[in-house]
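Colleague: Just passing along the structure, written as structure tokens.
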Amino acid sequence: MRINQYIAASGVCSRRKADEIIEEGRVRVNGSVLDVLGYHVQEGDVIEVDGVRIEPETKKVYYLLNKPMGYVTSTADKEGRPVVTELVPDDVRVFPVGRLDFNTTGLLILTNDGDLANKLMHPSGEFDKKYLVRAAGIVTRKEAEILSKGVDIGGFVTGPAEVYLIKHDRNSTIAEITIHEGKNRQVRRMFEAIGHPVQELCRTGLGNLTIGKLAIGQCRKLSPAEVEYLKRV
Ligand code: URA
């Protein structure tokens, strides 16, 4: 088994991320820092990540978390901020699939299934992502139409999106937006592009999965049907 597969199968992170942590010098094989990305793990090898021995998990687990504000979408944070994996009550190590910003709330999948994570994060298989947004000021229908056709967010023009204006007061607008891509900070950058910075952001849906009534900070296991759905799409 290639080292990146071994790391993913151990529930540390996805295969792609595994290549990054190898390049960062965080992986040791039999005590020595590994500097070969394509290394094939041999029978009897002792593999460590950040000094902790890892071994492939057999049991796969899948959680849906309602991420609170003030949590980093990661398994560890250099600055010591809270991380989303602390909110999963399982002895099995899991990692987040994709990213929500520190101050974004809502639907996040956590798993130890590196293959599924890879599939979900691959740009060709992007799931629709639905967000509830509070944006500064009053977003007009015209501006919503501009957003839905695509805007330049700095070197990238977004694809078609569905935008619904729900309500507004004098200071802000509540809208729902569904995007089909997953660029870094995409929703915030889209609303910045039309002059209405995001004040609050919550992901409410991913494909046909929804956050439902799950309270902030709570997580639940995905049902077998939901897992099948994610694997199949
Ligand atoms: N878009 C953003 O701008 N931030 C997120 O956290 C998710 C999508």
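Just remember, in the structure tokens the first chain shown is A, the second B, etc., residues are 1-based per chain, and ligands are 1-based in the order shown.
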Please report, as JSON, numbers by chain, each residue of segment 27-231 of chain A to which DSSP assigns alpha helix (DSSP H) when run on this structure's backbone.
Modeller: {"A": [114, 115, 116, 117, 118, 119, 120, 121, 141, 142, 143, 144, 145, 146, 147, 148, 149, 186, 187, 188, 189, 190, 191, 192, 193, 224, 225, 226, 227, 228, 229, 230, 231]}
Colleague: May I have the residues within 8 Å of segment 222-227 of chain A as a ChimeraX atom specification, using only C-alpha atoms and disregarding those fewer than 5 positions away in the same chain?
Modeller: /A:62-64,209
Colleague: Take the residues from that selection and write them out as a PDB file, in the first residue's frame, keeping C-alpha atoms.
Modeller:
```
ATOM      1  CA  TYR A  62     -19.385   9.041   9.223  1.00  0.00           C
ATOM      2  CA  TYR A  63     -20.681  12.063  11.130  1.00  0.00           C
ATOM      3  CA  LEU A  64     -22.625  15.178  10.238  1.00  0.00           C
ATOM      4  CA  LEU A 209     -28.081  16.141   3.068  1.00  0.00           C
TER       5      LEU A 209
END
```
Colleague: Using only C-alpha atoms, find the one residue out of A:Gly212, A:Glu57, A:Gln5, A:Glu181 that sits nearest to Val41 of chain A.
Modeller: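 Nearest candidate to Val41 of chain A out of A:Gly212, A:Glu57, A:Gln5, A:Glu181: A:Gln5.
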Colleague: Neighbours of ligand 1 within 6 Å, counting only C-alpha atoms and all ligand atoms, as an MDAnalysis selection string?
Modeller: chainID A and resid 100:101 104 185:188
Colleague: Grab the atom CA of Pro68 of chain A to atom CA of Val52 of chain A distance for me, in Å with one decimal place.
Modeller: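 Between these atoms lies a distance of 28.2 Å.
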Colleague: Name the residues in contact with Leu165 of chain A at a cut-off of 9 Å, using only C-alpha atoms, excluding same-chain residues fewer than 3 positions from it; report them as a PDB file with N, CA, C and O atoms, in the first residue's frame.
Modeller:
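Written output follows (around.pdb):
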```pdb
ATOM      1  N   VAL A 139     -29.558  43.883  -0.411  1.00  0.00           N
ATOM      2  CA  VAL A 139     -29.188  43.286  -1.701  1.00  0.00           C
ATOM      3  C   VAL A 139     -30.412  43.383  -2.618  1.00  0.00           C
ATOM      4  O   VAL A 139     -31.503  42.929  -2.263  1.00  0.00           O
ATOM      5  N   THR A 140     -30.233  44.017  -3.774  1.00  0.00           N
ATOM      6  CA  THR A 140     -31.371  44.184  -4.698  1.00  0.00           C
ATOM      7  C   THR A 140     -31.535  42.928  -5.561  1.00  0.00           C
ATOM      8  O   THR A 140     -30.617  42.101  -5.669  1.00  0.00           O
ATOM      9  N   ARG A 141     -32.706  42.821  -6.209  1.00  0.00           N
ATOM     10  CA  ARG A 141     -32.940  41.710  -7.128  1.00  0.00           C
ATOM     11  C   ARG A 141     -31.887  41.683  -8.235  1.00  0.00           C
ATOM     12  O   ARG A 141     -31.435  40.646  -8.672  1.00  0.00           O
ATOM     13  N   ALA A 144     -28.771  40.249  -6.947  1.00  0.00           N
ATOM     14  CA  ALA A 144     -28.930  38.792  -6.776  1.00  0.00           C
ATOM     15  C   ALA A 144     -28.780  38.093  -8.133  1.00  0.00           C
ATOM     16  O   ALA A 144     -28.187  37.011  -8.239  1.00  0.00           O
ATOM     17  N   HIS A 168     -35.190  41.458   4.335  1.00  0.00           N
ATOM     18  CA  HIS A 168     -34.163  42.430   4.717  1.00  0.00           C
ATOM     19  C   HIS A 168     -34.746  43.425   5.700  1.00  0.00           C
ATOM     20  O   HIS A 168     -35.965  43.579   5.806  1.00  0.00           O
ATOM     21  N   THR A 173     -29.463  41.906   4.736  1.00  0.00           N
ATOM     22  CA  THR A 173     -30.343  41.054   3.930  1.00  0.00           C
ATOM     23  C   THR A 173     -30.070  39.596   4.267  1.00  0.00           C
ATOM     24  O   THR A 173     -28.908  39.199   4.400  1.00  0.00           O
ATOM     25  N   ILE A 174     -31.148  38.829   4.405  1.00  0.00           N
ATOM     26  CA  ILE A 174     -30.998  37.381   4.569  1.00  0.00           C
ATOM     27  C   ILE A 174     -31.272  36.750   3.205  1.00  0.00           C
ATOM     28  O   ILE A 174     -32.300  37.026   2.577  1.00  0.00           O
ATOM     29  N   ALA A 175     -30.342  35.908   2.758  1.00  0.00           N
ATOM     30  CA  ALA A 175     -30.503  35.259   1.454  1.00  0.00           C
ATOM     31  C   ALA A 175     -30.067  33.805   1.554  1.00  0.00           C
ATOM     32  O   ALA A 175     -29.328  33.428   2.475  1.00  0.00           O
ATOM     33  N   GLU A 176     -30.553  33.014   0.595  1.00  0.00           N
ATOM     34  CA  GLU A 176     -30.086  31.631   0.495  1.00  0.00           C
ATOM     35  C   GLU A 176     -29.378  31.508  -0.841  1.00  0.00           C
ATOM     36  O   GLU A 176     -29.893  31.997  -1.852  1.00  0.00           O
ATOM     37  N   ILE A 177     -28.213  30.884  -0.812  1.00  0.00           N
ATOM     38  CA  ILE A 177     -27.462  30.719  -2.064  1.00  0.00           C
ATOM     39  C   ILE A 177     -27.012  29.269  -2.188  1.00  0.00           C
ATOM     40  O   ILE A 177     -26.571  28.663  -1.199  1.00  0.00           O
TER      41      ILE A 177
END
```
Colleague: Taking the DSSP secondary structure from the backbone, can you list the residues of segment 9-232 of chain A that are strand (DSSP E), as a ChimeraX atom specification?
Modeller: /A:27-29,32-33,47-49,52-53,62-67,95-97,105-111,129-136,162-168,172-179,198-206,209-210,219-221
Colleague: If you keep C-alpha atoms, can you produce a file of those selected residues as a short mmCIF file (atom, residue, chain, number, x, y, z; two decimals), in the first residue's frame?
Modeller:
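Generated file (result33.cif):
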```cif
data_model
loop_
_atom_site.label_atom_id
_atom_site.label_comp_id
_atom_site.auth_asym_id
_atom_site.auth_seq_id
_atom_site.Cartn_x
_atom_site.Cartn_y
_atom_site.Cartn_z
CA VAL A 27 5.64 11.44 8.76
CA ARG A 28 8.26 8.99 10.02
CA VAL A 29 8.89 5.45 8.84
CA SER A 32 13.21 8.37 10.05
CA VAL A 33 11.43 11.34 8.45
CA ILE A 47 4.52 4.60 10.64
CA GLU A 48 4.16 7.72 12.78
CA VAL A 49 2.39 11.02 12.12
CA VAL A 52 1.96 9.12 17.05
CA ARG A 53 1.94 5.59 15.64
CA TYR A 62 -19.39 9.04 9.22
CA TYR A 63 -20.68 12.06 11.13
CA LEU A 64 -22.63 15.18 10.24
CA LEU A 65 -21.75 18.10 12.53
CA ASN A 66 -23.45 21.46 12.95
CA LYS A 67 -20.23 23.43 13.26
CA PHE A 95 -11.11 14.30 9.97
CA PRO A 96 -13.29 16.97 8.33
CA VAL A 97 -14.23 16.68 4.67
CA THR A 105 -21.50 27.57 11.05
CA GLY A 106 -23.39 24.58 9.72
CA LEU A 107 -23.12 21.29 7.95
CA LEU A 108 -19.76 19.56 7.98
CA ILE A 109 -19.01 15.88 7.32
CA LEU A 110 -16.35 14.15 9.41
CA THR A 111 -15.12 10.64 8.70
CA LYS A 129 -23.74 23.47 -1.27
CA LYS A 130 -26.54 25.53 0.20
CA TYR A 131 -25.88 28.47 2.53
CA LEU A 132 -27.97 30.87 4.56
CA VAL A 133 -26.32 34.28 4.45
CA ARG A 134 -26.76 37.54 6.31
CA ALA A 135 -25.14 40.20 4.11
CA ALA A 136 -24.58 43.85 4.96
CA GLU A 162 -29.22 29.92 -7.24
CA VAL A 163 -29.89 32.96 -5.11
CA TYR A 164 -33.10 33.68 -3.17
CA LEU A 165 -33.63 36.90 -1.27
CA ILE A 166 -35.59 35.96 1.85
CA LYS A 167 -35.97 39.25 3.75
CA HIS A 168 -34.16 42.43 4.72
CA SER A 172 -28.88 43.69 6.23
CA THR A 173 -30.34 41.05 3.93
CA ILE A 174 -31.00 37.38 4.57
CA ALA A 175 -30.50 35.26 1.45
CA GLU A 176 -30.09 31.63 0.50
CA ILE A 177 -27.46 30.72 -2.06
CA THR A 178 -26.65 27.37 -3.64
CA ILE A 179 -23.26 27.02 -5.31
CA VAL A 198 -21.20 38.64 4.65
CA GLN A 199 -21.96 39.12 8.34
CA GLU A 200 -23.16 35.59 9.12
CA LEU A 201 -22.82 32.40 7.13
CA CYS A 202 -24.31 28.95 7.72
CA ARG A 203 -24.11 25.91 5.45
CA THR A 204 -27.52 24.26 5.50
CA GLY A 205 -27.17 21.63 2.78
CA LEU A 206 -24.72 19.43 0.93
CA LEU A 209 -28.08 16.14 3.07
CA THR A 210 -29.46 18.92 5.25
CA CYS A 219 -23.27 15.90 15.58
CA ARG A 220 -25.07 12.76 14.47
CA LYS A 221 -24.03 9.64 12.62
#
```
Colleague: Do you know which residues are at most 8 Å from Leu87 of chain A counting only C-alpha atoms, after dropping those on the same chain fewer than 2 positions away, and could you put them as an NGL selection string?
Modeller: :A and (65 or 83-85 or 89 or 217-219)
Colleague: How about saving the chosen residues, all heavy atoms kept, as a compact mmCIF listing (two decimals), in the first residue's frame?
Modeller:
```
# COMPACT_ATOMS: atom_id res chain seq x y z
N LEU A 65 -21.87 17.16 11.40
CA LEU A 65 -21.75 18.10 12.53
C LEU A 65 -22.39 19.43 12.15
O LEU A 65 -22.27 19.88 11.00
CB LEU A 65 -20.26 18.33 12.82
CG LEU A 65 -19.90 19.46 13.80
CD1 LEU A 65 -20.25 19.08 15.23
CD2 LEU A 65 -18.40 19.81 13.70
N VAL A 83 -10.82 22.90 17.65
CA VAL A 83 -10.95 22.27 16.33
C VAL A 83 -12.21 21.40 16.29
O VAL A 83 -12.67 20.90 17.32
CB VAL A 83 -9.71 21.41 15.96
CG1 VAL A 83 -8.49 22.28 15.75
CG2 VAL A 83 -9.45 20.34 17.01
N VAL A 84 -12.76 21.24 15.08
CA VAL A 84 -14.06 20.57 14.94
C VAL A 84 -14.06 19.11 15.42
O VAL A 84 -15.08 18.62 15.90
CB VAL A 84 -14.58 20.62 13.49
CG1 VAL A 84 -15.02 22.01 13.11
CG2 VAL A 84 -13.56 20.07 12.50
N THR A 85 -12.91 18.44 15.34
CA THR A 85 -12.89 17.03 15.73
C THR A 85 -13.16 16.85 17.23
O THR A 85 -13.56 15.78 17.66
CB THR A 85 -11.55 16.37 15.35
OG1 THR A 85 -10.50 17.24 15.75
CG2 THR A 85 -11.47 16.13 13.86
N PRO A 89 -17.97 12.66 19.42
CA PRO A 89 -17.80 11.79 20.58
C PRO A 89 -17.50 10.35 20.16
O PRO A 89 -18.33 9.48 20.31
CB PRO A 89 -19.18 11.87 21.25
CG PRO A 89 -20.12 12.06 20.10
CD PRO A 89 -19.38 12.78 19.02
N GLY A 217 -23.17 22.76 17.34
CA GLY A 217 -22.21 22.06 18.19
C GLY A 217 -22.52 20.57 18.34
O GLY A 217 -21.71 19.83 18.89
N GLN A 218 -23.70 20.14 17.84
CA GLN A 218 -24.07 18.73 17.95
C GLN A 218 -23.70 17.99 16.67
O GLN A 218 -23.66 18.60 15.59
CB GLN A 218 -25.58 18.57 18.16
CG GLN A 218 -26.08 19.18 19.45
CD GLN A 218 -25.49 18.47 20.66
OE1 GLN A 218 -25.62 17.26 20.80
NE2 GLN A 218 -24.81 19.23 21.49
N CYS A 219 -23.46 16.69 16.80
CA CYS A 219 -23.27 15.90 15.58
C CYS A 219 -24.10 14.64 15.67
O CYS A 219 -24.54 14.25 16.76
CB CYS A 219 -21.80 15.60 15.33
SG CYS A 219 -21.07 14.51 16.50
```
